[in-house]
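Structure file coords.cif; described as mmCIF, C-alpha atoms and all ligand atoms.
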data_start
#
loop_
_atom_site.label_atom_id
_atom_site.label_comp_id
_atom_site.auth_asym_id
_atom_site.auth_seq_id
_atom_site.Cartn_x
_atom_site.Cartn_y
_atom_site.Cartn_z
CA MET A 1437 87.42 146.24 -21.08
CA SER A 1438 86.29 144.55 -17.85
CA SER A 1439 83.80 142.20 -19.56
CA PHE A 1440 86.52 141.03 -21.94
CA LEU A 1441 88.85 140.40 -19.04
CA SER A 1442 86.36 138.41 -17.03
CA TYR A 1443 85.81 135.92 -19.89
CA ALA A 1444 89.50 135.03 -19.65
CA THR A 1445 90.19 135.34 -15.95
CA ASN A 1446 87.13 133.35 -14.87
CA LYS A 1447 88.29 129.99 -16.23
CA LYS A 1448 89.00 126.89 -14.19
CA THR A 1449 92.65 126.08 -13.73
CA LEU A 1450 94.75 123.17 -12.52
CA ASP A 1451 94.07 124.35 -8.95
CA ASP A 1452 90.38 123.53 -9.40
CA ILE A 1453 90.75 119.81 -10.22
CA ASN A 1454 92.25 116.64 -8.83
CA VAL A 1455 94.70 115.01 -11.23
CA SER A 1456 95.96 112.11 -9.15
CA LYS A 1457 95.81 108.77 -11.02
CA LYS A 1458 94.12 110.54 -13.92
CA ARG A 1459 95.22 110.44 -17.53
CA VAL A 1460 95.75 114.08 -18.41
CA ILE A 1461 95.89 115.26 -22.00
CA LEU A 1462 98.12 118.30 -21.88
CA ARG A 1463 98.13 120.60 -24.92
CA VAL A 1464 101.41 122.50 -24.92
CA ASP A 1465 102.90 124.89 -27.45
CA LEU A 1466 106.29 123.37 -28.14
CA ASN A 1467 106.53 125.03 -31.53
CA VAL A 1468 110.23 125.76 -31.04
CA PRO A 1469 112.80 126.76 -33.67
CA LEU A 1470 115.01 123.88 -34.90
CA ASP A 1471 118.32 124.30 -36.73
CA HIS A 1472 119.51 122.37 -39.80
CA ASN A 1473 120.59 119.46 -37.61
CA LEU A 1474 117.15 119.40 -35.98
CA GLU A 1475 118.58 120.71 -32.71
CA VAL A 1476 116.28 122.89 -30.60
CA MET A 1477 117.66 126.43 -30.97
CA ASP A 1478 115.65 128.07 -28.19
CA THR A 1479 114.10 126.36 -25.19
CA THR A 1480 111.94 129.23 -23.89
CA LYS A 1481 108.68 127.45 -24.75
CA ILE A 1482 109.90 124.16 -23.27
CA ASP A 1483 111.05 125.90 -20.08
CA SER A 1484 107.72 127.72 -19.80
CA SER A 1485 105.79 124.45 -20.00
CA LEU A 1486 107.78 122.82 -17.19
CA PRO A 1487 105.80 124.07 -14.15
CA THR A 1488 102.59 122.42 -15.37
CA ILE A 1489 104.29 119.21 -16.53
CA LYS A 1490 106.24 118.84 -13.27
CA TYR A 1491 103.11 119.54 -11.20
CA LEU A 1492 101.15 116.86 -13.05
CA LEU A 1493 103.90 114.25 -12.76
CA LYS A 1494 104.49 115.03 -9.09
CA ASN A 1495 100.78 114.72 -8.43
CA LYS A 1496 100.72 111.26 -10.03
CA ALA A 1497 98.92 112.03 -13.25
CA SER A 1498 99.92 110.15 -16.41
CA VAL A 1499 100.59 112.84 -18.96
CA ILE A 1500 99.89 112.70 -22.68
CA LEU A 1501 101.47 115.69 -24.40
CA ILE A 1502 100.09 117.15 -27.61
CA SER A 1503 101.84 119.88 -29.60
CA HIS A 1504 102.25 121.14 -33.12
CA LEU A 1505 105.55 122.08 -34.74
CA GLY A 1506 105.62 124.39 -37.76
CA ARG A 1507 102.93 124.29 -40.42
CA PRO A 1508 103.04 120.88 -42.14
CA LYS A 1509 99.49 121.36 -43.47
CA GLY A 1510 98.05 117.94 -42.71
CA LYS A 1511 100.93 115.84 -44.06
CA VAL A 1512 103.89 114.15 -42.40
CA GLU A 1513 107.09 116.16 -42.82
CA GLU A 1514 110.09 114.26 -41.47
CA ARG A 1515 111.91 117.42 -40.37
CA LEU A 1516 108.89 118.47 -38.30
CA ARG A 1517 108.71 115.40 -36.09
CA LEU A 1518 108.63 116.17 -32.37
CA LEU A 1519 111.40 113.72 -31.43
CA PRO A 1520 114.11 116.39 -30.87
CA VAL A 1521 111.69 118.30 -28.66
CA ALA A 1522 110.86 115.16 -26.65
CA ARG A 1523 114.58 114.56 -26.09
CA LYS A 1524 115.17 118.14 -24.94
CA LEU A 1525 112.20 117.90 -22.56
CA GLU A 1526 113.62 114.64 -21.23
CA ASP A 1527 116.89 116.46 -20.37
CA LYS A 1528 114.99 119.21 -18.59
CA LEU A 1529 112.75 116.82 -16.63
CA GLY A 1530 115.41 114.27 -15.79
CA GLN A 1531 113.04 111.41 -16.55
CA PRO A 1532 112.11 109.51 -19.73
CA VAL A 1533 109.68 111.10 -22.15
CA LEU A 1534 108.09 108.38 -24.25
CA TYR A 1535 107.63 109.40 -27.87
CA VAL A 1536 105.43 107.87 -30.53
CA LYS A 1537 105.63 108.59 -34.29
CA SER A 1538 101.91 109.27 -34.58
CA ALA A 1539 99.17 111.08 -32.66
CA VAL A 1540 96.25 108.67 -33.09
CA GLY A 1541 95.98 104.96 -33.87
CA PRO A 1542 96.91 101.54 -32.46
CA GLU A 1543 100.48 102.44 -31.47
CA VAL A 1544 99.27 105.41 -29.41
CA GLU A 1545 96.48 103.32 -27.88
CA ARG A 1546 98.92 100.59 -26.87
CA ILE A 1547 101.24 103.01 -25.04
CA VAL A 1548 98.41 105.02 -23.44
CA GLU A 1549 96.96 101.78 -21.99
CA THR A 1550 100.22 101.00 -20.21
CA LEU A 1551 101.11 104.55 -19.15
CA ARG A 1552 101.40 104.72 -15.35
CA PRO A 1553 100.96 107.64 -12.91
CA GLY A 1554 104.02 109.88 -13.06
CA GLU A 1555 104.88 108.81 -16.64
CA ILE A 1556 104.81 111.00 -19.70
CA LEU A 1557 104.19 110.38 -23.40
CA MET A 1558 104.62 112.84 -26.26
CA LEU A 1559 102.48 112.30 -29.34
CA ASP A 1560 103.90 113.35 -32.70
CA ASN A 1561 103.15 116.65 -34.45
CA ILE A 1562 99.38 117.04 -34.34
CA ARG A 1563 99.46 119.09 -37.55
CA PHE A 1564 100.48 115.99 -39.53
CA TYR A 1565 96.70 115.37 -39.50
CA SER A 1566 94.47 117.63 -41.61
CA GLU A 1567 91.65 116.98 -39.11
CA GLU A 1568 93.54 119.07 -36.53
CA GLU A 1569 93.22 122.45 -38.24
CA GLU A 1570 89.76 121.50 -39.58
CA ASN A 1571 88.73 120.95 -35.95
CA GLU A 1572 87.13 117.70 -37.06
CA PRO A 1573 84.85 116.41 -34.24
CA GLU A 1574 85.59 112.69 -34.64
CA PHE A 1575 89.31 113.36 -34.53
CA ALA A 1576 88.88 115.51 -31.41
CA GLN A 1577 86.80 112.75 -29.82
CA LYS A 1578 89.49 110.19 -30.65
CA LEU A 1579 92.13 112.33 -28.96
CA ALA A 1580 89.83 112.87 -25.98
CA SER A 1581 89.38 109.11 -25.60
CA TYR A 1582 93.04 108.84 -24.50
CA GLY A 1583 92.46 110.87 -21.31
CA ASP A 1584 90.22 111.74 -18.37
CA ILE A 1585 91.01 115.45 -18.21
CA PHE A 1586 92.12 118.07 -20.75
CA VAL A 1587 94.58 120.77 -19.67
CA ASN A 1588 95.37 123.53 -22.12
CA ASP A 1589 98.72 125.18 -21.41
CA ALA A 1590 99.46 126.12 -25.03
CA PHE A 1591 99.18 129.88 -24.64
CA GLY A 1592 100.74 130.51 -28.06
CA THR A 1593 98.05 128.42 -29.75
CA LEU A 1594 94.95 129.74 -27.95
CA HIS A 1595 93.94 131.79 -30.99
CA ARG A 1596 93.58 128.63 -33.11
CA ALA A 1597 90.23 126.82 -33.01
CA HIS A 1598 91.70 123.42 -33.73
CA ALA A 1599 90.83 119.87 -32.67
CA SER A 1600 93.52 119.75 -29.98
CA THR A 1601 92.73 123.19 -28.55
CA VAL A 1602 88.95 123.61 -28.88
CA GLY A 1603 87.35 120.42 -30.26
CA ILE A 1604 88.76 118.15 -27.57
CA ALA A 1605 87.41 120.41 -24.77
CA ARG A 1606 83.86 119.40 -25.71
CA PHE A 1607 84.53 115.81 -24.69
CA LEU A 1608 86.50 116.22 -21.42
CA PRO A 1609 86.63 118.44 -18.34
CA ALA A 1610 88.87 121.24 -19.63
CA VAL A 1611 91.01 123.63 -17.55
CA ALA A 1612 93.88 126.09 -18.03
CA GLY A 1613 97.46 125.16 -17.15
CA PHE A 1614 99.79 127.37 -15.12
CA LEU A 1615 101.39 129.06 -18.13
CA VAL A 1616 98.05 130.02 -19.67
CA GLU A 1617 96.93 131.28 -16.28
CA LYS A 1618 100.08 133.37 -15.86
CA GLU A 1619 99.99 134.95 -19.33
CA ILE A 1620 96.28 135.80 -18.99
CA LYS A 1621 96.84 137.34 -15.56
CA TYR A 1622 99.78 139.33 -16.83
CA PHE A 1623 98.03 140.77 -19.88
CA ALA A 1624 94.86 141.38 -17.88
CA GLY A 1625 96.95 143.63 -15.65
CA ILE A 1626 98.16 145.54 -18.67
CA PHE A 1627 94.61 146.01 -19.94
CA GLU A 1628 93.44 147.30 -16.61
CA ASN A 1629 96.18 149.88 -16.53
CA PRO A 1630 97.37 150.72 -20.08
CA GLN A 1631 100.44 152.92 -20.23
CA LYS A 1632 100.81 155.61 -22.88
CA PRO A 1633 102.60 156.38 -25.13
CA PHE A 1634 102.21 152.79 -26.36
CA THR A 1635 104.72 151.78 -29.03
CA VAL A 1636 104.44 148.57 -31.02
CA ILE A 1637 107.34 147.17 -33.04
CA LEU A 1638 106.37 144.61 -35.66
CA GLY A 1639 108.47 142.53 -38.01
CA GLY A 1640 109.01 138.92 -38.96
CA SER A 1641 107.78 136.96 -41.89
CA LYS A 1642 104.15 136.18 -41.10
CA VAL A 1643 103.02 139.28 -42.97
CA SER A 1644 99.46 138.20 -43.67
CA THR A 1645 98.59 137.41 -40.06
CA LYS A 1646 100.20 140.54 -38.65
CA ILE A 1647 98.75 143.05 -41.10
CA GLY A 1648 95.28 142.19 -39.81
CA VAL A 1649 96.43 142.75 -36.27
CA ILE A 1650 97.85 146.20 -37.03
CA ASN A 1651 94.38 147.15 -38.18
CA SER A 1652 92.78 146.29 -34.88
CA LEU A 1653 95.58 147.79 -32.77
CA MET A 1654 94.91 151.09 -34.49
CA LYS A 1655 92.75 152.42 -31.65
CA THR A 1656 95.25 151.77 -28.82
CA VAL A 1657 98.70 152.26 -30.33
CA ASP A 1658 100.48 155.59 -30.58
CA LYS A 1659 103.53 154.57 -32.60
CA LEU A 1660 103.93 151.59 -34.89
CA LEU A 1661 107.45 150.74 -36.04
CA ILE A 1662 107.58 148.26 -38.91
CA GLY A 1663 110.63 146.20 -39.91
CA GLY A 1664 111.26 142.62 -41.00
CA ALA A 1665 109.93 141.22 -44.26
CA MET A 1666 106.64 142.94 -43.50
CA CYS A 1667 108.02 146.40 -44.23
CA PHE A 1668 108.53 145.55 -47.89
CA THR A 1669 104.80 145.19 -48.51
CA PHE A 1670 104.39 148.72 -47.13
CA LEU A 1671 107.37 150.11 -49.04
CA LYS A 1672 106.00 148.56 -52.24
CA THR A 1673 102.64 150.17 -51.49
CA LEU A 1674 104.40 153.53 -51.30
CA GLY A 1675 105.82 152.93 -54.78
CA LYS A 1676 109.36 151.96 -53.75
CA LYS A 1677 111.38 149.38 -55.62
CA ILE A 1678 112.10 146.51 -53.23
CA GLY A 1679 114.32 144.30 -55.41
CA LYS A 1680 113.90 140.63 -54.60
CA SER A 1681 112.80 141.19 -50.99
CA MET A 1682 110.07 139.01 -49.52
CA TYR A 1683 106.63 140.65 -49.66
CA GLU A 1684 102.97 139.77 -50.20
CA PRO A 1685 101.59 141.16 -53.48
CA ASP A 1686 97.98 140.44 -52.49
CA LYS A 1687 98.31 142.59 -49.36
CA ILE A 1688 99.21 145.84 -51.15
CA ASP A 1689 95.64 147.19 -50.99
CA LEU A 1690 95.38 146.27 -47.33
CA ALA A 1691 98.69 147.97 -46.55
CA TYR A 1692 97.41 151.10 -48.29
CA HIS A 1693 94.24 150.97 -46.23
CA ILE A 1694 96.28 150.61 -43.03
CA LEU A 1695 98.37 153.69 -43.89
CA GLU A 1696 95.16 155.68 -44.44
CA GLU A 1697 93.58 154.43 -41.20
CA ALA A 1698 96.75 155.30 -39.30
CA LYS A 1699 96.47 158.90 -40.47
CA LYS A 1700 92.82 159.06 -39.37
CA ASN A 1701 93.57 157.55 -35.96
CA ASN A 1702 96.68 159.60 -35.27
CA VAL A 1703 98.90 156.52 -35.24
CA GLU A 1704 102.42 157.26 -36.33
CA ILE A 1705 103.62 154.51 -38.65
CA VAL A 1706 107.41 154.45 -38.91
CA LEU A 1707 108.99 152.56 -41.80
CA PRO A 1708 112.71 151.95 -42.44
CA VAL A 1709 114.72 154.60 -44.26
CA ASP A 1710 117.67 152.28 -44.96
CA ILE A 1711 117.98 148.56 -45.50
CA VAL A 1712 120.72 145.95 -45.37
CA VAL A 1713 120.54 144.15 -48.69
CA ALA A 1714 122.25 140.91 -49.72
CA SER A 1715 122.73 139.00 -52.97
CA GLU A 1716 121.33 135.91 -51.26
CA VAL A 1717 120.18 134.93 -47.78
CA THR A 1718 123.42 133.23 -46.73
CA ASN A 1719 126.34 134.08 -44.47
CA ASN A 1720 128.77 134.53 -47.39
CA ALA A 1721 126.52 136.67 -49.53
CA GLU A 1722 127.55 140.04 -50.86
CA LYS A 1723 126.04 142.71 -48.57
CA ASP A 1724 125.39 146.45 -48.66
CA ILE A 1725 123.45 149.17 -46.88
CA VAL A 1726 121.19 151.21 -49.11
CA SER A 1727 118.48 153.85 -48.81
CA VAL A 1728 114.92 152.54 -49.28
CA ASP A 1729 114.92 154.66 -52.46
CA ASN A 1730 117.85 152.71 -53.90
CA ILE A 1731 117.20 149.01 -53.34
CA PRO A 1732 118.88 147.28 -56.31
CA ASP A 1733 116.71 145.02 -58.50
CA ASN A 1734 118.81 141.92 -57.86
CA MET A 1735 119.21 142.30 -54.07
CA ILE A 1736 117.16 141.06 -51.11
CA GLY A 1737 116.31 143.15 -48.04
CA VAL A 1738 117.54 141.19 -45.00
CA ASP A 1739 117.70 143.71 -42.13
CA ILE A 1740 116.96 147.31 -41.17
CA GLY A 1741 119.89 149.70 -41.60
CA PRO A 1742 121.76 151.83 -39.00
CA LYS A 1743 119.82 155.05 -39.69
CA THR A 1744 116.56 153.17 -39.18
CA ILE A 1745 117.83 151.75 -35.89
CA GLU A 1746 118.53 155.29 -34.67
CA ILE A 1747 115.07 156.50 -35.74
CA PHE A 1748 113.37 153.50 -34.10
CA LYS A 1749 115.41 154.17 -30.95
CA SER A 1750 114.21 157.77 -30.78
CA LYS A 1751 110.60 156.55 -31.05
CA ILE A 1752 111.06 153.85 -28.40
CA ASN A 1753 112.71 156.27 -25.94
CA GLY A 1754 110.14 157.71 -23.58
CA SER A 1755 107.38 155.20 -24.38
CA LYS A 1756 105.59 153.88 -21.30
CA MET A 1757 104.56 150.58 -22.84
CA ILE A 1758 106.43 148.79 -25.62
CA PHE A 1759 105.34 145.62 -27.33
CA TRP A 1760 107.58 143.85 -29.82
CA ASN A 1761 106.67 140.99 -32.09
CA GLY A 1762 108.73 139.79 -35.05
CA PRO A 1763 112.44 140.20 -35.83
CA MET A 1764 113.68 143.16 -37.88
CA GLY A 1765 115.60 140.94 -40.28
CA VAL A 1766 116.88 137.44 -40.95
CA PHE A 1767 118.60 137.47 -37.56
CA GLU A 1768 119.29 133.70 -37.68
CA ILE A 1769 122.25 134.69 -39.89
CA PRO A 1770 124.61 136.68 -37.65
CA ARG A 1771 125.54 139.20 -40.37
CA PHE A 1772 121.87 140.16 -40.71
CA ALA A 1773 121.08 140.21 -36.97
CA ASN A 1774 122.17 143.74 -36.06
CA GLY A 1775 118.75 145.39 -36.41
CA THR A 1776 116.95 142.75 -34.40
CA LEU A 1777 119.51 142.56 -31.59
CA SER A 1778 119.76 146.37 -31.42
CA ILE A 1779 115.98 146.68 -30.98
CA ALA A 1780 116.10 144.06 -28.20
CA LYS A 1781 118.83 146.02 -26.40
CA ILE A 1782 117.17 149.41 -26.90
CA MET A 1783 113.94 148.05 -25.43
CA ALA A 1784 115.75 146.49 -22.50
CA GLU A 1785 117.24 149.90 -21.64
CA GLU A 1786 113.78 151.48 -21.23
CA LYS A 1787 113.67 151.07 -17.47
CA ASN A 1788 110.52 153.16 -17.00
CA ALA A 1789 108.45 151.31 -19.57
CA ILE A 1790 106.51 148.08 -19.47
CA THR A 1791 108.39 146.03 -22.04
CA ILE A 1792 106.69 142.99 -23.52
CA VAL A 1793 108.11 140.63 -26.10
CA GLY A 1794 106.06 137.98 -27.89
CA GLY A 1795 106.75 135.53 -30.73
CA GLY A 1796 109.03 132.50 -30.98
CA GLU A 1797 111.75 134.16 -33.01
CA SER A 1798 111.63 137.51 -31.21
CA VAL A 1799 111.94 135.77 -27.86
CA MET A 1800 114.92 133.84 -29.22
CA ALA A 1801 116.47 137.16 -30.28
CA THR A 1802 116.14 138.51 -26.73
CA ASN A 1803 118.03 135.42 -25.60
CA ILE A 1804 120.83 135.96 -28.12
CA ALA A 1805 121.02 139.64 -27.10
CA GLU A 1806 121.14 138.45 -23.46
CA VAL A 1807 118.41 140.86 -22.38
CA GLN A 1808 115.55 138.46 -21.70
CA ASP A 1809 115.66 139.00 -17.96
CA LYS A 1810 115.56 142.79 -18.45
CA MET A 1811 112.13 142.69 -20.10
CA THR A 1812 108.98 143.09 -18.02
CA HIS A 1813 107.33 140.11 -19.65
CA VAL A 1814 108.46 137.61 -22.25
CA SER A 1815 105.40 135.95 -23.67
CA THR A 1816 105.34 132.51 -25.29
CA GLY A 1817 102.68 133.74 -27.70
CA GLY A 1818 103.11 135.39 -31.08
CA GLY A 1819 99.77 135.71 -32.85
CA ALA A 1820 97.92 134.66 -29.70
CA THR A 1821 99.49 137.51 -27.74
CA LEU A 1822 98.66 140.07 -30.41
CA GLU A 1823 95.04 138.93 -30.67
CA PHE A 1824 94.72 138.89 -26.91
CA LEU A 1825 96.16 142.41 -26.74
CA GLU A 1826 93.69 143.64 -29.31
CA GLY A 1827 90.78 142.29 -27.25
CA LYS A 1828 89.62 139.35 -29.37
CA LYS A 1829 88.18 136.39 -27.54
CA LEU A 1830 90.62 133.53 -28.00
CA PRO A 1831 88.75 130.30 -28.83
CA GLY A 1832 91.18 128.18 -26.80
CA ILE A 1833 90.22 130.16 -23.69
CA THR A 1834 86.50 130.22 -24.44
CA ALA A 1835 86.48 126.40 -24.71
CA LEU A 1836 87.64 125.96 -21.09
CA MET A 1837 85.26 125.47 -18.15
CA ASP A 1838 84.12 128.55 -16.25
CA LYS A 1839 84.71 128.78 -12.52
CA ASP A 1840 81.51 128.07 -10.62
P1 LIG B 1901 107.90 135.73 -34.33
O1 LIG B 1901 108.13 134.25 -34.18
O2 LIG B 1901 108.80 136.53 -33.45
O3 LIG B 1901 106.45 136.09 -34.18
P2 LIG B 1901 107.74 135.53 -37.16
O4 LIG B 1901 107.51 134.07 -37.00
O5 LIG B 1901 106.64 136.34 -37.69
O6 LIG B 1901 108.28 136.15 -35.81
O7 LIG B 1901 108.94 135.77 -38.18
C1 LIG B 1901 110.24 135.35 -37.90
C2 LIG B 1901 111.04 135.18 -39.15
O8 LIG B 1901 111.00 136.33 -39.95
C3 LIG B 1901 112.49 134.92 -38.86
O9 LIG B 1901 112.77 133.58 -39.12
C4 LIG B 1901 113.23 135.86 -39.80
O10 LIG B 1901 114.29 135.23 -40.50
C5 LIG B 1901 112.15 136.28 -40.77
N1 LIG B 1901 112.43 137.56 -41.38
C6 LIG B 1901 112.60 138.75 -40.78
N2 LIG B 1901 112.92 139.70 -41.68
C7 LIG B 1901 112.96 139.09 -42.88
C8 LIG B 1901 113.26 139.53 -44.20
N3 LIG B 1901 113.57 140.80 -44.46
N4 LIG B 1901 113.21 138.62 -45.20
C9 LIG B 1901 112.91 137.35 -44.94
N5 LIG B 1901 112.62 136.87 -43.71
C10 LIG B 1901 112.65 137.73 -42.71
C1 LIG B 1902 103.37 130.34 -32.58
O1 LIG B 1902 104.53 129.97 -32.82
O2 LIG B 1902 103.03 131.53 -32.59
C2 LIG B 1902 102.37 129.31 -32.16
O3 LIG B 1902 102.98 128.07 -31.94
C3 LIG B 1902 101.26 129.19 -33.19
O4 LIG B 1902 101.78 128.79 -34.42
P1 LIG B 1902 100.94 129.07 -35.75
O5 LIG B 1902 101.01 130.54 -36.01
O6 LIG B 1902 101.58 128.25 -36.83
O7 LIG B 1902 99.50 128.64 -35.49
MG MG B 1903 107.62 132.61 -35.48
#
Take the structure in the file and give it back as structure tokens.
Amino acid sequence: MSSFLSYATNKKTLDDINVSKKRVILRVDLNVPLDHNLEVMDTTKIDSSLPTIKYLLKNKASVILISHLGRPKGKVEERLRLLPVARKLEDKLGQPVLYVKSAVGPEVERIVETLRPGEILMLDNIRFYSEEEENEPEFAQKLASYGDIFVNDAFGTLHRAHASTVGIARFLPAVAGFLVEKEIKYFAGIFENPQKPFTVILGGSKVSTKIGVINSLMKTVDKLLIGGAMCFTFLKTLGKKIGKSMYEPDKIDLAYHILEEAKKNNVEIVLPVDIVVASEVTNNAEKDIVSVDNIPDNMIGVDIGPKTIEIFKSKINGSKMIFWNGPMGVFEIPRFANGTLSIAKIMAEEKNAITIVGGGESVMATNIAEVQDKMTHVSTGGGATLEFLEGKKLPGITALMDKD
């Protein structure tokens, strides 16, 4: 494990460079949840980015912020503009955050030219450009041309080899920000001293990305508790009827393979035994609790049931390290939030365990459950955290300069 750790811990950081009077391109992960009125629902990621931003402004850098929001797939989506995030950041900083409705082009160039030390500009959603996820070199070079230094503080996006995380680092001196440094240091500590039994709780909707991760965690995890939409792919694999629940038909074979591998590796996979089902995913929908053997054809699974919560609790109790990523149900709707909030509280009560939470929505759930400060570490990364935990080299880290 030590060679893997040194690749990440040996990177230059903000402490290694002088930023005064420099134009700093700061990649942040401000992929925050927005509600229907485009209000920021959880500010954890914004708050976590503040130490680096404040340091840069105080040290007279002019700051050009780049972030993505959601997955617009290379096209402008009005509801995914970064304006609400810029306004929230402005409140937190107590100084204006300039915002431009593009990320490259004449408008950006005009503002960048006039940006003074101690001023900050937020570019619009970088994923409005297909070149971002393609890591297109000319696009990366264009972005790089706006600054003198590149600082990557987007911990949650370090697993993406995109133009604004990896491509741009080829054209500028590139260092880690304080958040990236902190998360790396924290997880490095965990790797150096892993605590067993290690229990992982997975849920959420990003089934395809997380199923791959389960596979690679197989060697380190003792117990794997699966809820959220993800559990329906597994239940389907086991021949259960899942009604109209969200699942991924093309991942059935993979789920089967994971169940087999778990047996071979002595990993205990724990699936729900009861499910909260609803006629539709709304607050007024008809709702019921059913066994996983009796999910009605016309109903949707929206949360884990009370028996499952008790079983998950018994598995969590006594673990020495617990990692949770992905809500147990559609917790954004209060009537379907019980499973998710219960898991947050059960974890928080494990005083003798290292408790780690990662993932935008899971972190938000710890906030709603008012247990965030009771966790050992609340990570700003979802997929990035999982990949880091499994020992993959994150391209966003690799792209940064090594310490001399
Ligand atoms: P995180 O951000 O914590 O990593 P994800 O992004 O993977 O989590 O997934 C979060 C989303 O998963 C939430 O918006 C939640 O509504 C959704 N979700 C959880 N369970 C279900 C379910 N049974 N059906 C549909 N969506 C679900
Ligand atoms: C996250 O929310 O985990 C990060 O912002 C990365 O988002 P992505 O999974 O859409 O790349
Ligand atoms: Mg998420």
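The smallest atom-to-atom distance between Ile1482 (chain A) and any of A:Tyr1692, A:Gly1603, A:Glu1545, A:Gly1796, using only C-alpha atoms, is found for A:Gly1796.
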Asn1730 (chain A) surroundings by all atoms listed in the file, 9 Å radius, close-in-sequence under 4 positions cut, as a ChimeraX atom specification: /A:1676-1678,1710,1726
Calculate how many Å separate CA of Pro1553 (chain A) from CA of Asn1495 (chain A), rounding to one decimal. 8.4 Å
Two-atom distance - CA of Val1460 (chain A), CA of Val1499 (chain A) (Å): 5.0 Å
From the set A:Glu1823, A:Asn1720, A:Val1657, A:Met1735, which residue has the shortest atom-to-atom contact distance to Met1682 (chain A), counting all atoms listed in the file?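 When distances to Met1682 (chain A) are compared using all atoms listed in the file, the smallest one comes from A:Met1735.
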Residue contacts of Ile1620 (chain A) (12 Å, all atoms listed in the file) excluding same-chain residues fewer than 5 positions away, as a VMD selection string: chain A and resid 1440 to 1447 1449 1589 to 1592 1594 1612 to 1615 1625 to 1627 1813 1815 to 1817 1820 to 1821 1824 to 1825 1827 1829 to 1830 1833
What's the 10 Å shell around Leu1638 (chain A), counting only C-alpha atoms, without same-chain residues fewer than 3 positions away, as a PyMOL selection string? chain A and resi 1635+1641+1643+1646-1647+1650+1660-1667+1759-1764+1798
For those residues, write C-alpha atoms to a file as an mmCIF file, in the frame of the given file.
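Output contents, as saved in again-v6.cif:
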data_model
loop_
_atom_site.group_PDB
_atom_site.id
_atom_site.type_symbol
_atom_site.label_atom_id
_atom_site.label_comp_id
_atom_site.auth_asym_id
_atom_site.auth_seq_id
_atom_site.Cartn_x
_atom_site.Cartn_y
_atom_site.Cartn_z
ATOM 1 C CA THR A 1635 104.720 151.780 -29.030
ATOM 2 C CA SER A 1641 107.780 136.960 -41.890
ATOM 3 C CA VAL A 1643 103.020 139.280 -42.970
ATOM 4 C CA LYS A 1646 100.200 140.540 -38.650
ATOM 5 C CA ILE A 1647 98.750 143.050 -41.100
ATOM 6 C CA ILE A 1650 97.850 146.200 -37.030
ATOM 7 C CA LEU A 1660 103.930 151.590 -34.890
ATOM 8 C CA LEU A 1661 107.450 150.740 -36.040
ATOM 9 C CA ILE A 1662 107.580 148.260 -38.910
ATOM 10 C CA GLY A 1663 110.630 146.200 -39.910
ATOM 11 C CA GLY A 1664 111.260 142.620 -41.000
ATOM 12 C CA ALA A 1665 109.930 141.220 -44.260
ATOM 13 C CA MET A 1666 106.640 142.940 -43.500
ATOM 14 C CA CYS A 1667 108.020 146.400 -44.230
ATOM 15 C CA PHE A 1759 105.340 145.620 -27.330
ATOM 16 C CA TRP A 1760 107.580 143.850 -29.820
ATOM 17 C CA ASN A 1761 106.670 140.990 -32.090
ATOM 18 C CA GLY A 1762 108.730 139.790 -35.050
ATOM 19 C CA PRO A 1763 112.440 140.200 -35.830
ATOM 20 C CA MET A 1764 113.680 143.160 -37.880
ATOM 21 C CA SER A 1798 111.630 137.510 -31.210
#
Using all atoms listed in the file, find the one residue out of A:Ile1547, A:Ala1576, A:Leu1516, A:Leu1529 that sits nearest to Asp1560 (chain A).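 Closest to Asp1560 (chain A) of all the choices is A:Leu1516.
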